[in-house]
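Peer 1: My file is input_22.pdb. It has PDB, C-alpha atoms:
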ATOM      1  CA  MET I   1    -199.633-100.293-146.965  1.00  0.00           C
ATOM      2  CA  LEU I   2    -195.966-101.300-146.673  1.00  0.00           C
ATOM      3  CA  LYS I   3    -194.940 -97.655-146.462  1.00  0.00           C
ATOM      4  CA  ARG I   4    -197.451 -97.038-143.655  1.00  0.00           C
ATOM      5  CA  MET I   5    -196.143-100.072-141.767  1.00  0.00           C
ATOM      6  CA  LYS I   6    -192.588 -98.745-142.061  1.00  0.00           C
ATOM      7  CA  GLN I   7    -193.737 -95.348-140.747  1.00  0.00           C
ATOM      8  CA  LEU I   8    -195.410 -97.005-137.772  1.00  0.00           C
ATOM      9  CA  GLU I   9    -192.260 -99.019-137.021  1.00  0.00           C
ATOM     10  CA  GLN I  10    -190.170 -95.840-137.157  1.00  0.00           C
ATOM     11  CA  GLU I  11    -192.639 -94.091-134.857  1.00  0.00           C
ATOM     12  CA  ARG I  12    -192.503 -97.025-132.439  1.00  0.00           C
ATOM     13  CA  ASP I  13    -188.684 -96.965-132.457  1.00  0.00           C
ATOM     14  CA  VAL I  14    -188.590 -93.233-131.799  1.00  0.00           C
ATOM     15  CA  LEU I  15    -191.102 -93.632-128.973  1.00  0.00           C
ATOM     16  CA  TYR I  16    -188.972 -96.367-127.389  1.00  0.00           C
ATOM     17  CA  GLN I  17    -185.919 -94.129-127.655  1.00  0.00           C
ATOM     18  CA  GLY I  18    -187.919 -91.334-126.053  1.00  0.00           C
ATOM     19  CA  LEU I  19    -189.043 -93.638-123.278  1.00  0.00           C
ATOM     20  CA  GLU I  20    -185.420 -94.630-122.581  1.00  0.00           C
ATOM     21  CA  ALA I  21    -184.429 -90.962-122.532  1.00  0.00           C
ATOM     22  CA  ILE I  22    -187.278 -90.176-120.123  1.00  0.00           C
ATOM     23  CA  GLU I  23    -186.199 -93.037-117.846  1.00  0.00           C
ATOM     24  CA  ARG I  24    -182.617 -91.714-117.815  1.00  0.00           C
ATOM     25  CA  ALA I  25    -183.943 -88.214-117.182  1.00  0.00           C
ATOM     26  CA  ARG I  26    -186.097 -89.511-114.325  1.00  0.00           C
ATOM     27  CA  ASP I  27    -183.039 -91.150-112.752  1.00  0.00           C
ATOM     28  CA  TRP I  28    -181.086 -87.919-113.180  1.00  0.00           C
ATOM     29  CA  TYR I  29    -183.901 -85.851-111.616  1.00  0.00           C
ATOM     30  CA  GLN I  30    -184.022 -88.270-108.666  1.00  0.00           C
ATOM     31  CA  GLN I  31    -180.251 -88.035-108.161  1.00  0.00           C
ATOM     32  CA  GLU I  32    -180.360 -84.252-108.289  1.00  0.00           C
ATOM     33  CA  ILE I  33    -183.238 -84.132-105.804  1.00  0.00           C
ATOM     34  CA  GLU I  34    -181.382 -86.468-103.446  1.00  0.00           C
ATOM     35  CA  CYS I  35    -178.248 -84.343-103.735  1.00  0.00           C
ATOM     36  CA  VAL I  36    -180.178 -81.161-102.915  1.00  0.00           C
ATOM     37  CA  MET I  37    -181.978 -82.857-100.031  1.00  0.00           C
ATOM     38  CA  LYS I  38    -178.637 -84.005 -98.582  1.00  0.00           C
ATOM     39  CA  LYS I  39    -177.249 -80.459 -98.769  1.00  0.00           C
ATOM     40  CA  MET I  40    -180.243 -78.759 -97.152  1.00  0.00           C
ATOM     41  CA  PRO I  41    -179.666 -79.860 -93.532  1.00  0.00           C
ATOM     42  CA  TYR I  42    -175.972 -78.973 -93.789  1.00  0.00           C
ATOM     43  CA  PHE I  43    -176.666 -75.440 -94.998  1.00  0.00           C
ATOM     44  CA  SER I  44    -179.444 -74.828 -92.480  1.00  0.00           C
ATOM     45  CA  GLN I  45    -177.232 -75.894 -89.555  1.00  0.00           C
ATOM     46  CA  THR I  46    -174.122 -73.871 -90.378  1.00  0.00           C
ATOM     47  CA  SER I  47    -173.745 -70.136 -90.502  1.00  0.00           C
ATOM     48  CA  SER I  48    -173.297 -68.403 -93.827  1.00  0.00           C
ATOM     49  CA  ALA I  49    -169.981 -67.003 -92.624  1.00  0.00           C
ATOM     50  CA  ASN I  50    -168.461 -70.490 -92.927  1.00  0.00           C
ATOM     51  CA  PHE I  51    -168.967 -70.711 -96.671  1.00  0.00           C
ATOM     52  CA  GLU I  52    -165.941 -69.794 -98.713  1.00  0.00           C
ATOM     53  CA  TYR I  53    -167.268 -70.829-102.118  1.00  0.00           C
ATOM     54  CA  SER I  54    -168.658 -68.280-104.512  1.00  0.00           C
ATOM     55  CA  THR I  55    -172.404 -67.983-104.200  1.00  0.00           C
ATOM     56  CA  ASP I  56    -172.433 -65.956-107.424  1.00  0.00           C
ATOM     57  CA  ALA I  57    -170.828 -68.787-109.380  1.00  0.00           C
ATOM     58  CA  TYR I  58    -173.231 -71.285-107.832  1.00  0.00           C
ATOM     59  CA  GLN I  59    -176.205 -69.040-108.640  1.00  0.00           C
ATOM     60  CA  GLU I  60    -175.034 -68.647-112.233  1.00  0.00           C
ATOM     61  CA  ARG I  61    -174.666 -72.417-112.602  1.00  0.00           C
ATOM     62  CA  GLN I  62    -178.062 -72.955-111.011  1.00  0.00           C
ATOM     63  CA  ASN I  63    -179.750 -70.376-113.276  1.00  0.00           C
ATOM     64  CA  PHE I  64    -178.226 -72.003-116.354  1.00  0.00           C
ATOM     65  CA  GLN I  65    -179.297 -75.466-115.233  1.00  0.00           C
ATOM     66  CA  MET I  66    -182.796 -74.308-114.287  1.00  0.00           C
ATOM     67  CA  SER I  67    -183.299 -72.647-117.672  1.00  0.00           C
ATOM     68  CA  ARG I  68    -182.260 -75.881-119.421  1.00  0.00           C
ATOM     69  CA  ILE I  69    -184.595 -77.924-117.215  1.00  0.00           C
ATOM     70  CA  PHE I  70    -187.413 -75.466-117.864  1.00  0.00           C
ATOM     71  CA  GLU I  71    -186.848 -75.726-121.611  1.00  0.00           C
ATOM     72  CA  VAL I  72    -186.949 -79.526-121.484  1.00  0.00           C
ATOM     73  CA  ASN I  73    -190.087 -79.403-119.347  1.00  0.00           C
ATOM     74  CA  GLN I  74    -191.702 -77.071-121.890  1.00  0.00           C
ATOM     75  CA  HIS I  75    -190.959 -79.496-124.721  1.00  0.00           C
ATOM     76  CA  ILE I  76    -192.305 -82.440-122.743  1.00  0.00           C
ATOM     77  CA  ALA I  77    -195.442 -80.489-121.791  1.00  0.00           C
ATOM     78  CA  ALA I  78    -196.032 -79.466-125.419  1.00  0.00           C
ATOM     79  CA  LEU I  79    -195.524 -83.054-126.545  1.00  0.00           C
ATOM     80  CA  THR I  80    -197.838 -84.573-123.948  1.00  0.00           C
ATOM     81  CA  GLU I  81    -200.553 -81.939-124.415  1.00  0.00           C
ATOM     82  CA  SER I  82    -200.834 -82.568-128.140  1.00  0.00           C
ATOM     83  CA  THR I  83    -203.147 -85.301-129.355  1.00  0.00           C
ATOM     84  CA  GLU I  84    -203.190 -86.739-132.834  1.00  0.00           C
ATOM     85  CA  LYS I  85    -206.946 -87.262-132.776  1.00  0.00           C
ATOM     86  CA  GLU I  86    -207.788 -83.561-132.570  1.00  0.00           C
ATOM     87  CA  ILE I  87    -205.639 -82.242-135.417  1.00  0.00           C
ATOM     88  CA  PRO I  88    -202.665 -83.725-137.267  1.00  0.00           C
ATOM     89  CA  LEU I  89    -199.540 -83.226-135.152  1.00  0.00           C
ATOM     90  CA  HIS I  90    -197.812 -80.773-137.479  1.00  0.00           C
ATOM     91  CA  MET I  91    -200.916 -78.585-137.599  1.00  0.00           C
ATOM     92  CA  HIS I  92    -201.493 -78.937-133.863  1.00  0.00           C
ATOM     93  CA  VAL I  93    -198.002 -77.678-133.112  1.00  0.00           C
ATOM     94  CA  ALA I  94    -198.426 -74.810-135.545  1.00  0.00           C
ATOM     95  CA  LEU I  95    -201.804 -73.814-134.082  1.00  0.00           C
ATOM     96  CA  CYS I  96    -201.363 -74.489-130.388  1.00  0.00           C
ATOM     97  CA  GLN I  97    -197.718 -73.903-129.703  1.00  0.00           C
ATOM     98  CA  PRO I  98    -197.932 -70.085-129.476  1.00  0.00           C
ATOM     99  CA  ALA I  99    -200.748 -70.234-126.909  1.00  0.00           C
ATOM    100  CA  THR I 100    -199.034 -72.983-124.956  1.00  0.00           C
ATOM    101  CA  PHE I 101    -195.739 -71.175-125.235  1.00  0.00           C
ATOM    102  CA  ARG I 102    -197.299 -67.882-124.096  1.00  0.00           C
ATOM    103  CA  ARG I 103    -198.864 -69.587-121.089  1.00  0.00           C
ATOM    104  CA  MET I 104    -195.583 -71.274-120.207  1.00  0.00           C
ATOM    105  CA  GLN I 105    -193.714 -68.047-120.809  1.00  0.00           C
ATOM    106  CA  GLN I 106    -196.087 -66.151-118.487  1.00  0.00           C
ATOM    107  CA  ASP I 107    -195.678 -68.855-115.852  1.00  0.00           C
ATOM    108  CA  SER I 108    -191.933 -68.693-116.355  1.00  0.00           C
ATOM    109  CA  THR I 109    -191.931 -64.900-116.104  1.00  0.00           C
ATOM    110  CA  GLN I 110    -193.959 -64.981-112.878  1.00  0.00           C
ATOM    111  CA  SER I 111    -191.711 -67.705-111.504  1.00  0.00           C
ATOM    112  CA  THR I 112    -188.598 -65.757-112.489  1.00  0.00           C
ATOM    113  CA  ILE I 113    -189.949 -62.576-110.917  1.00  0.00           C
ATOM    114  CA  GLN I 114    -190.742 -64.442-107.716  1.00  0.00           C
ATOM    115  CA  LYS I 115    -187.287 -66.051-107.657  1.00  0.00           C
ATOM    116  CA  LEU I 116    -185.630 -62.691-108.290  1.00  0.00           C
ATOM    117  CA  LYS I 117    -187.636 -61.105-105.467  1.00  0.00           C
ATOM    118  CA  GLU I 118    -186.595 -63.901-103.124  1.00  0.00           C
ATOM    119  CA  GLN I 119    -182.990 -63.609-104.259  1.00  0.00           C
ATOM    120  CA  ASN I 120    -183.100 -59.834-103.803  1.00  0.00           C
ATOM    121  CA  LYS I 121    -184.493 -60.276-100.288  1.00  0.00           C
ATOM    122  CA  MET I 122    -181.775 -62.801 -99.432  1.00  0.00           C
ATOM    123  CA  LEU I 123    -179.045 -60.563-100.859  1.00  0.00           C
ATOM    124  CA  THR I 124    -180.391 -57.560 -98.954  1.00  0.00           C
ATOM    125  CA  GLN I 125    -180.361 -59.587 -95.745  1.00  0.00           C
ATOM    126  CA  GLU I 126    -176.826 -60.760 -96.494  1.00  0.00           C
ATOM    127  CA  VAL I 127    -175.669 -57.172 -97.117  1.00  0.00           C
ATOM    128  CA  SER I 128    -177.287 -56.080 -93.846  1.00  0.00           C
ATOM    129  CA  LYS I 129    -175.580 -58.892 -91.933  1.00  0.00           C
ATOM    130  CA  ARG I 130    -172.228 -58.042 -93.475  1.00  0.00           C
ATOM    131  CA  SER I 131    -172.705 -54.329 -92.752  1.00  0.00           C
ATOM    132  CA  GLU I 132    -173.453 -55.114 -89.132  1.00  0.00           C
ATOM    133  CA  HIS I 133    -170.403 -57.360 -89.014  1.00  0.00           C
ATOM    134  CA  ILE I 134    -168.216 -54.623 -90.508  1.00  0.00           C
ATOM    135  CA  THR I 135    -169.566 -52.099 -88.004  1.00  0.00           C
ATOM    136  CA  ARG I 136    -168.833 -54.502 -85.160  1.00  0.00           C
ATOM    137  CA  LEU I 137    -165.294 -55.058 -86.449  1.00  0.00           C
ATOM    138  CA  GLU I 138    -164.705 -51.311 -86.798  1.00  0.00           C
ATOM    139  CA  ARG I 139    -165.835 -50.758 -83.202  1.00  0.00           C
ATOM    140  CA  GLU I 140    -163.566 -53.556 -82.053  1.00  0.00           C
ATOM    141  CA  LYS I 141    -160.690 -52.058 -84.035  1.00  0.00           C
ATOM    142  CA  SER I 142    -161.275 -48.625 -82.469  1.00  0.00           C
ATOM    143  CA  SER I 143    -161.393 -50.180 -79.038  1.00  0.00           C
ATOM    144  CA  LEU I 144    -158.153 -52.072 -79.636  1.00  0.00           C
ATOM    145  CA  ILE I 145    -156.406 -48.948 -80.951  1.00  0.00           C
ATOM    146  CA  ARG I 146    -157.591 -47.013 -77.892  1.00  0.00           C
ATOM    147  CA  GLU I 147    -156.263 -49.775 -75.614  1.00  0.00           C
ATOM    148  CA  LEU I 148    -152.961 -49.768 -77.490  1.00  0.00           C
ATOM    149  CA  PHE I 149    -152.532 -46.017 -77.071  1.00  0.00           C
ATOM    150  CA  GLN I 150    -153.492 -46.248 -73.409  1.00  0.00           C
ATOM    151  CA  ALA I 151    -150.952 -49.032 -72.902  1.00  0.00           C
ATOM    152  CA  LYS I 152    -148.253 -46.991 -74.683  1.00  0.00           C
ATOM    153  CA  THR I 153    -149.088 -43.914 -72.655  1.00  0.00           C
ATOM    154  CA  GLN I 154    -149.028 -45.893 -69.411  1.00  0.00           C
ATOM    155  CA  TYR I 155    -145.708 -47.505 -70.386  1.00  0.00           C
ATOM    156  CA  HIS I 156    -144.135 -44.115 -71.204  1.00  0.00           C
ATOM    157  CA  GLN I 157    -145.395 -42.662 -67.937  1.00  0.00           C
ATOM    158  CA  GLU I 158    -143.891 -45.574 -66.005  1.00  0.00           C
ATOM    159  CA  VAL I 159    -140.581 -45.199 -67.873  1.00  0.00           C
ATOM    160  CA  ASP I 160    -140.543 -41.445 -67.244  1.00  0.00           C
ATOM    161  CA  TYR I 161    -141.387 -41.984 -63.580  1.00  0.00           C
ATOM    162  CA  THR I 162    -138.664 -44.604 -63.176  1.00  0.00           C
ATOM    163  CA  ALA I 163    -136.130 -42.328 -64.891  1.00  0.00           C
ATOM    164  CA  PHE I 164    -137.187 -39.444 -62.641  1.00  0.00           C
ATOM    165  CA  ILE I 165    -136.501 -41.474 -59.496  1.00  0.00           C
TER     166      ILE I 165
END
Please express what this file holds, its structure, as structure tokens.
Peer 2:
Amino acid sequence: MLKRMKQLEQERDVLYQGLEAIERARDWYQQEIECVMKKMPYFSQTSSANFEYSTDAYQERQNFQMSRIFEVNQHIAALTESTEKEIPLHMHVALCQPATFRRMQQDSTQSTIQKLKEQNKMLTQEVSKRSEHITRLEREKSSLIRELFQAKTQYHQEVDYTAFI
């Protein structure tokens, strides 16, 4: 009986620690959401040409962070979906985790595919915009070179004419 009481106290302590961790995580999630929400109007109002930072580095950081968040969410989902009354916890994890994991993995795969499709679409649009910009700059360059040669030719003709007189 004393041993069982000690086990229950340990379980209670671990649950309190978990609750504190969840509260800190909730605060962190809220801060991150606020940060993203503050950035959204700024990015929607300015053109992408103004951004000098590396979108690849940002995407890599975001992918790493999202995978960590997904992993934590998986653990929390597995923990909250298990109930002691059905089957002892160690057996429940052993029996149900593969199915839960497969479902989460399928959801994750679909989500990843969708995100990759969206990213591919955005990158394709960005490449198209940059190609158009390059084409515009090349036309402008050709026009400026043509004007330069015309100005040189006109200058030489005026010099030749003045020397002739």
Peer 1: What is the distance between CA of Phe43 (chain I) and CA of Thr55 (chain I), in Å to one decimal?
Peer 2: 12.6 Å
Peer 1: What separation in Å, quoted to one decimal, exists between CA of Val72 (chain I) and CA of Met37 (chain I)?
Peer 2: 22.3 Å
Peer 1: To one decimal place, how far is CA of Leu15 (chain I) from CA of Thr80 (chain I) in Å?
Peer 2: 12.4 Å
Peer 1: Go ahead and fit an axis-aligned box to every listed atom of region 56-74 of chain I plus 3 Å each side, and pass me the centre and edge lengths in Å, one decimal, as AutoDock Vina command-line options.
Peer 2:
--center_x -181.3 --center_y -72.7 --center_z -114.7 --size_x 26.9 --size_y 19.6 --size_z 20.5
Peer 1: Can you tell me which residues surround region 18-31 of chain I at a distance of at most 12 Å, considering only C-alpha atoms, apart from same-chain residues fewer than 5 positions away, and format the answer as a ChimeraX atom specification?
Peer 2: /I:11-13,36-38,65-66,69,72-73,76,79
